[in-house]
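Working notes for the structure below.
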Amino acid sequence: MEQKNAENGIESQIVSPLLDWFAENARKLPWREDVSPYNVWISEIMLQQTRVMAVKDYFARFVRELPDIEALANVTEERLLKLWEGLGYYSRAKNLKRAAIIVMEEYGGRLPEKAEELLKLPGIGPYTAGAIASIAYNQIAAAVDGNVLRVMARILGDRSEINKESVRRDYEKRLVRVMPRDFPGAFNQALMELGALVCLPKGNPHCADCPAAQLCLARKENSFDKLPVKAAKKPRRIEERTVFLIEGEKGFFVRRREKSGLLSGLWEYPSVQGKKTEEEVRTMFCGDMVKEILPLGAAKHIFSHIEWRMLGYYVKLRQFSPQSEKICFQNGEERGIMNYILDCFPVDFEKLRADYSIPAAFSAYQKAVEKLQKQ
């Protein structure tokens with residue numbers, strides 16, 4: 001970080017105006033109504049990689065069914081993933097349960113107060129640990145997320161690459177030094193809120209509404225569109241897939257994904273690599289077992305490092321007997337449909353919607369089939 005910023009103490013001057021601004025402008029959010037350690041924890045995990053407005057309903061449903069750490073520790077993984085369905089990054093949910101079990105066994109069912117102890121739990125990194133410790137327990141601990149990094153880089157006119165761990169740690173130290181001892185949680189939330197509501201990304205801040213506008217070096221230098229500085233990301237890998245929504249007498253065929261890797265442990269519709277034409281799809285099935293094939297169109301889903309570009313098909317089977325009928329693949333290999341990609345089997349569509357966690361990657365096709373079911 002540039003030496004001028006290490007000495008000018010700008011960050012110490014934003015404390016009072018920032019807290020006053022937060023007192024007037026803080027959004028009313030469900031996890032702020034009951035600031036329990038559990039609620040702070042659940043909300044902060046949900047808010048990772050997810051917009052606040054999208055999280056509100058998920059949070060309310062989650063804590064209604066799993067109101068405390070004991071309930072979270074005892075919930076089945078299947079139900080947990082269903083409650084999480086649509087939020088994505090499902091490893092977050094799995095880590096919540098793993099951490100809850102540890103808290104029940106090693107901490108008497110109560111989340112630790114210190115950030116250093118919280119960091120020992122699965123799924124809790126420096127930001128989440130700082131947020132829980134400061135907001136729920138009034139501990140002096142920094143909570144530096146992307147919003148805070150952007151706000152501070154602009155206020156300080158700092159051109160360091162915020163992707164670097166050393167930069168994040170430096171901001172943590174600087175913020176802890178100026179953090180008000182009586183209101184550490186409010187201070188952390190105020191910085192986050194400023195980044196969410198005013199100091200917006202992509203060079204589009206609302207400077208007229210900012211309590212730190214008179215101190216902000218990016219505003220004085222008209223460089224807010226250049227800050228913060230981020231190292232270029234690696235391009236996402238493109239994967240083309242063809243997705244099949246195969247309906248038999250007993251429902252739609254689904255399978256559970258592997259226990260590790262992308263979307264691990266979730267349910268999915270059968271798919272193959274590459275984009276298949278309708279004619280190619282027809283050749284994948286034996287004899288006259290197919291009653292109808294309907295193209296469902298193209299869809300795209302972006303993960304952090306992979307982009308799926310998909311074509312979907314609804315396949316209606318005439319009749320199905322797992323003992324006799326088989327799906328034939330173009331390479332000549334035959335597999336019983338009940339064993340298609342490990343353990344594919346039919347599930348009634350209403351039960352599928354109610355009890356099975358289908359990733360958002362397939363939501364476009366899920367909605368298309370819902371329309372077909374209503375016809």
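Ligands are numbered from 1 in the order shown, residues from 1 within each chain, and chains are lettered A, B, ... in the order they appear in the structure tokens.
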Handout entry: All helix (DSSP H, G or I) positions in segment 45-142 of chain A, as a PyMOL selection string
Key = chain A and resi 45-47+52-65+69-74+77-84+91-106+115-118+126-137
Atoms to include: C-alpha atoms. Write the selected residues as a compact mmCIF listing (two decimals), in the first residue's frame.
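Below is the file part-v4.txt, written as the result:
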# COMPACT_ATOMS: atom_id res chain seq x y z
CA ILE A 45 -22.93 -17.75 4.98
CA MET A 46 -26.00 -17.27 2.78
CA LEU A 47 -24.86 -13.80 1.72
CA VAL A 52 -29.37 -9.62 -0.11
CA MET A 53 -32.83 -9.56 -1.70
CA ALA A 54 -32.42 -13.15 -2.86
CA VAL A 55 -31.35 -14.29 0.62
CA LYS A 56 -34.21 -12.82 2.68
CA ASP A 57 -36.81 -15.48 1.93
CA TYR A 58 -34.27 -18.30 2.11
CA PHE A 59 -33.11 -17.10 5.51
CA ALA A 60 -36.65 -16.88 6.89
CA ARG A 61 -37.51 -20.40 5.69
CA PHE A 62 -34.21 -21.84 6.92
CA VAL A 63 -34.34 -20.52 10.48
CA ARG A 64 -38.04 -21.31 10.73
CA GLU A 65 -37.34 -25.00 10.10
CA ILE A 69 -27.55 -25.14 16.13
CA GLU A 70 -28.93 -28.39 17.51
CA ALA A 71 -31.59 -28.56 14.79
CA LEU A 72 -28.98 -27.81 12.13
CA ALA A 73 -26.66 -30.51 13.45
CA ASN A 74 -29.45 -33.11 13.35
CA GLU A 77 -28.37 -33.78 4.39
CA GLU A 78 -31.20 -34.34 1.92
CA ARG A 79 -33.48 -31.91 3.75
CA LEU A 80 -30.66 -29.44 4.29
CA LEU A 81 -29.87 -29.31 0.58
CA LYS A 82 -33.56 -28.91 -0.25
CA LEU A 83 -33.76 -25.91 2.08
CA TRP A 84 -30.67 -24.52 0.34
CA SER A 91 -20.74 -26.73 -0.07
CA ARG A 92 -21.74 -23.77 2.13
CA ALA A 93 -24.76 -25.70 3.40
CA LYS A 94 -22.76 -28.86 3.98
CA ASN A 95 -20.14 -26.93 5.94
CA LEU A 96 -22.90 -25.39 8.07
CA LYS A 97 -24.00 -28.84 9.19
CA ARG A 98 -20.42 -30.02 9.74
CA ALA A 99 -19.70 -26.95 11.85
CA ALA A 100 -22.95 -27.33 13.80
CA ILE A 101 -22.00 -30.90 14.75
CA ILE A 102 -18.59 -29.70 15.98
CA VAL A 103 -20.19 -26.87 17.96
CA MET A 104 -22.58 -29.33 19.63
CA GLU A 105 -19.79 -31.77 20.45
CA GLU A 106 -16.97 -29.39 21.41
CA ALA A 115 -12.71 -14.90 15.77
CA GLU A 116 -9.70 -17.19 16.25
CA GLU A 117 -11.95 -19.97 17.53
CA LEU A 118 -14.60 -19.42 14.87
CA PRO A 126 -11.68 -14.50 8.18
CA TYR A 127 -14.58 -12.33 7.00
CA THR A 128 -17.33 -14.53 8.47
CA ALA A 129 -15.42 -15.00 11.72
CA GLY A 130 -14.99 -11.25 12.05
CA ALA A 131 -18.64 -10.61 11.27
CA ILE A 132 -19.94 -13.10 13.86
CA ALA A 133 -17.48 -12.01 16.55
CA SER A 134 -18.15 -8.29 16.10
CA ILE A 135 -21.88 -8.25 15.34
CA ALA A 136 -23.08 -11.02 17.65
CA TYR A 137 -20.51 -10.78 20.45
Practice task
Compile the contact shell of Arg181 of chain A as a PyMOL selection string: residues with an atom at most 10 Å away, counting only C-alpha atoms, same-chain residues fewer than 5 positions apart removed.
Solution key: chain A and resi 138-140+176+187
Exercise for the section: Could you please write out, as a VMD selection string, every residue of segment 55-260 of chain A that DSSP assigns to strand (DSSP E)? Expected result: chain A and resid 237 to 248 251 to 256
Given the selection you just returned, output its residues as a file containing N, CA, C and O atoms, formatted as a compact mmCIF listing (two decimals), in the first residue's frame.
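Once everything was written out, this is selection-v2.txt:
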# COMPACT_ATOMS: atom_id res chain seq x y z
N ARG A 237 -13.97 -22.11 -18.01
CA ARG A 237 -13.98 -23.22 -18.97
C ARG A 237 -15.40 -23.44 -19.47
O ARG A 237 -16.35 -23.48 -18.68
N ILE A 238 -15.56 -23.54 -20.78
CA ILE A 238 -16.87 -23.75 -21.38
C ILE A 238 -17.13 -25.24 -21.54
O ILE A 238 -16.30 -25.98 -22.08
N GLU A 239 -18.27 -25.70 -21.06
CA GLU A 239 -18.68 -27.09 -21.23
C GLU A 239 -20.05 -27.12 -21.90
O GLU A 239 -20.98 -26.46 -21.44
N GLU A 240 -20.15 -27.87 -22.99
CA GLU A 240 -21.43 -28.04 -23.66
C GLU A 240 -22.05 -29.36 -23.21
O GLU A 240 -21.39 -30.38 -23.14
N ARG A 241 -23.36 -29.32 -22.92
CA ARG A 241 -24.05 -30.50 -22.42
C ARG A 241 -25.44 -30.59 -23.03
O ARG A 241 -26.05 -29.57 -23.37
N THR A 242 -25.94 -31.82 -23.13
CA THR A 242 -27.33 -32.05 -23.50
C THR A 242 -28.03 -32.69 -22.30
O THR A 242 -27.55 -33.69 -21.76
N VAL A 243 -29.13 -32.07 -21.89
CA VAL A 243 -29.85 -32.48 -20.68
C VAL A 243 -31.15 -33.17 -21.09
O VAL A 243 -31.87 -32.68 -21.98
N PHE A 244 -31.46 -34.30 -20.45
CA PHE A 244 -32.65 -35.07 -20.77
C PHE A 244 -33.62 -35.08 -19.59
O PHE A 244 -33.23 -35.48 -18.49
N LEU A 245 -34.84 -34.64 -19.80
CA LEU A 245 -35.89 -34.79 -18.81
C LEU A 245 -36.76 -35.95 -19.27
O LEU A 245 -37.67 -35.78 -20.09
N ILE A 246 -36.41 -37.13 -18.80
CA ILE A 246 -37.01 -38.37 -19.28
C ILE A 246 -38.15 -38.76 -18.34
O ILE A 246 -37.96 -38.99 -17.15
N GLU A 247 -39.36 -38.84 -18.90
CA GLU A 247 -40.53 -39.17 -18.10
C GLU A 247 -41.02 -40.57 -18.43
O GLU A 247 -41.32 -40.90 -19.58
N GLY A 248 -41.10 -41.40 -17.42
CA GLY A 248 -41.67 -42.73 -17.55
C GLY A 248 -42.97 -42.83 -16.77
O GLY A 248 -43.51 -41.81 -16.30
N GLY A 251 -42.55 -41.39 -13.20
CA GLY A 251 -42.01 -40.06 -12.97
C GLY A 251 -40.79 -39.77 -13.82
O GLY A 251 -40.54 -40.43 -14.84
N PHE A 252 -40.03 -38.77 -13.38
CA PHE A 252 -38.86 -38.31 -14.12
C PHE A 252 -37.59 -38.95 -13.56
O PHE A 252 -37.43 -39.07 -12.34
N PHE A 253 -36.70 -39.31 -14.47
CA PHE A 253 -35.47 -39.97 -14.05
C PHE A 253 -34.43 -38.97 -13.58
O PHE A 253 -34.14 -37.99 -14.27
N VAL A 254 -33.89 -39.22 -12.40
CA VAL A 254 -32.86 -38.36 -11.83
C VAL A 254 -31.75 -39.25 -11.28
O VAL A 254 -31.91 -40.45 -11.08
N ARG A 255 -30.64 -38.63 -11.00
CA ARG A 255 -29.51 -39.34 -10.39
C ARG A 255 -28.84 -38.41 -9.39
O ARG A 255 -28.97 -37.19 -9.47
N ARG A 256 -28.13 -38.99 -8.44
CA ARG A 256 -27.36 -38.19 -7.49
C ARG A 256 -25.94 -38.06 -8.01
O ARG A 256 -25.33 -39.04 -8.44
Handout entry: Which residue of A:Lys275, A:Leu200, A:Leu266, A:Asp158 approaches Ser223 of chain A most closely, using only C-alpha atoms
Key =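 Residue with the minimum atom-to-atom distance to Ser223 of chain A: A:Asp158.
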Practice task
Extract, using only C-alpha atoms, all DNA, RNA and protein residues at most 12 Å from Arg257 of chain A, discarding same-chain residues fewer than 2 positions from it, and format them as a ChimeraX atom specification.
Solution key: /A:254-255,259-271,340-344,357-359
Atoms kept (N, CA and C atoms) for selection, written as a PDB file, in the first residue's frame:
ATOM      1  N   VAL A 254     -33.888 -39.218 -12.405  1.00  0.00           N
ATOM      2  CA  VAL A 254     -32.855 -38.362 -11.826  1.00  0.00           C
ATOM      3  C   VAL A 254     -31.747 -39.248 -11.275  1.00  0.00           C
ATOM      4  N   ARG A 255     -30.638 -38.627 -10.998  1.00  0.00           N
ATOM      5  CA  ARG A 255     -29.512 -39.338 -10.389  1.00  0.00           C
ATOM      6  C   ARG A 255     -28.842 -38.408  -9.391  1.00  0.00           C
ATOM      7  N   LYS A 259     -20.010 -37.615  -4.707  1.00  0.00           N
ATOM      8  CA  LYS A 259     -19.906 -36.990  -3.391  1.00  0.00           C
ATOM      9  C   LYS A 259     -18.849 -35.901  -3.329  1.00  0.00           C
ATOM     10  N   SER A 260     -18.082 -35.736  -4.392  1.00  0.00           N
ATOM     11  CA  SER A 260     -17.075 -34.668  -4.423  1.00  0.00           C
ATOM     12  C   SER A 260     -17.143 -33.977  -5.777  1.00  0.00           C
ATOM     13  N   GLY A 261     -16.602 -32.763  -5.829  1.00  0.00           N
ATOM     14  CA  GLY A 261     -16.591 -32.030  -7.077  1.00  0.00           C
ATOM     15  C   GLY A 261     -17.785 -31.110  -7.221  1.00  0.00           C
ATOM     16  N   LEU A 262     -18.005 -30.624  -8.427  1.00  0.00           N
ATOM     17  CA  LEU A 262     -19.061 -29.667  -8.723  1.00  0.00           C
ATOM     18  C   LEU A 262     -20.436 -30.240  -8.389  1.00  0.00           C
ATOM     19  N   LEU A 263     -21.241 -29.463  -7.641  1.00  0.00           N
ATOM     20  CA  LEU A 263     -22.605 -29.849  -7.266  1.00  0.00           C
ATOM     21  C   LEU A 263     -22.640 -31.221  -6.583  1.00  0.00           C
ATOM     22  N   SER A 264     -21.632 -31.507  -5.800  1.00  0.00           N
ATOM     23  CA  SER A 264     -21.494 -32.830  -5.180  1.00  0.00           C
ATOM     24  C   SER A 264     -22.699 -33.174  -4.307  1.00  0.00           C
ATOM     25  N   GLY A 265     -23.189 -34.397  -4.490  1.00  0.00           N
ATOM     26  CA  GLY A 265     -24.265 -34.918  -3.655  1.00  0.00           C
ATOM     27  C   GLY A 265     -25.656 -34.447  -4.019  1.00  0.00           C
ATOM     28  N   LEU A 266     -25.793 -33.575  -5.022  1.00  0.00           N
ATOM     29  CA  LEU A 266     -27.113 -33.078  -5.409  1.00  0.00           C
ATOM     30  C   LEU A 266     -27.736 -33.984  -6.467  1.00  0.00           C
ATOM     31  N   TRP A 267     -29.032 -33.801  -6.666  1.00  0.00           N
ATOM     32  CA  TRP A 267     -29.751 -34.568  -7.683  1.00  0.00           C
ATOM     33  C   TRP A 267     -29.733 -33.807  -8.994  1.00  0.00           C
ATOM     34  N   GLU A 268     -29.739 -34.547 -10.093  1.00  0.00           N
ATOM     35  CA  GLU A 268     -29.729 -33.903 -11.404  1.00  0.00           C
ATOM     36  C   GLU A 268     -30.459 -34.764 -12.419  1.00  0.00           C
ATOM     37  N   TYR A 269     -30.842 -34.122 -13.516  1.00  0.00           N
ATOM     38  CA  TYR A 269     -31.386 -34.855 -14.646  1.00  0.00           C
ATOM     39  C   TYR A 269     -30.232 -35.443 -15.456  1.00  0.00           C
ATOM     40  N   PRO A 270     -30.458 -36.558 -16.127  1.00  0.00           N
ATOM     41  CA  PRO A 270     -29.395 -37.148 -16.948  1.00  0.00           C
ATOM     42  C   PRO A 270     -28.891 -36.168 -17.998  1.00  0.00           C
ATOM     43  N   SER A 271     -27.615 -36.240 -18.296  1.00  0.00           N
ATOM     44  CA  SER A 271     -27.040 -35.376 -19.326  1.00  0.00           C
ATOM     45  C   SER A 271     -25.814 -36.058 -19.916  1.00  0.00           C
ATOM     46  N   TYR A 340     -28.431 -45.765 -15.198  1.00  0.00           N
ATOM     47  CA  TYR A 340     -27.848 -44.727 -16.029  1.00  0.00           C
ATOM     48  C   TYR A 340     -27.067 -43.746 -15.162  1.00  0.00           C
ATOM     49  N   ILE A 341     -25.785 -43.629 -15.435  1.00  0.00           N
ATOM     50  CA  ILE A 341     -24.879 -42.781 -14.653  1.00  0.00           C
ATOM     51  C   ILE A 341     -25.089 -43.029 -13.162  1.00  0.00           C
ATOM     52  N   LEU A 342     -24.676 -44.169 -12.748  1.00  0.00           N
ATOM     53  CA  LEU A 342     -24.684 -44.637 -11.356  1.00  0.00           C
ATOM     54  C   LEU A 342     -26.054 -45.143 -10.910  1.00  0.00           C
ATOM     55  N   ASP A 343     -27.012 -44.252 -10.596  1.00  0.00           N
ATOM     56  CA  ASP A 343     -28.242 -44.741  -9.952  1.00  0.00           C
ATOM     57  C   ASP A 343     -29.463 -43.918 -10.354  1.00  0.00           C
ATOM     58  N   CYS A 344     -29.644 -43.702 -11.627  1.00  0.00           N
ATOM     59  CA  CYS A 344     -30.782 -42.933 -12.110  1.00  0.00           C
ATOM     60  C   CYS A 344     -32.073 -43.711 -11.883  1.00  0.00           C
ATOM     61  N   SER A 357     -33.331 -31.869  -4.048  1.00  0.00           N
ATOM     62  CA  SER A 357     -32.599 -30.627  -4.314  1.00  0.00           C
ATOM     63  C   SER A 357     -31.993 -30.686  -5.715  1.00  0.00           C
ATOM     64  N   ILE A 358     -32.639 -29.987  -6.654  1.00  0.00           N
ATOM     65  CA  ILE A 358     -32.167 -29.908  -8.030  1.00  0.00           C
ATOM     66  C   ILE A 358     -31.426 -28.581  -8.196  1.00  0.00           C
ATOM     67  N   PRO A 359     -30.177 -28.597  -8.644  1.00  0.00           N
ATOM     68  CA  PRO A 359     -29.415 -27.348  -8.767  1.00  0.00           C
ATOM     69  C   PRO A 359     -30.067 -26.329  -9.690  1.00  0.00           C
TER      70      PRO A 359
END
Exercise for the section: Have a look at atom CA of Glu350 of chain A and atom CA of Arg309 of chain A and let me know their distance in Å, one decimal. Expected result: 26.9 Å
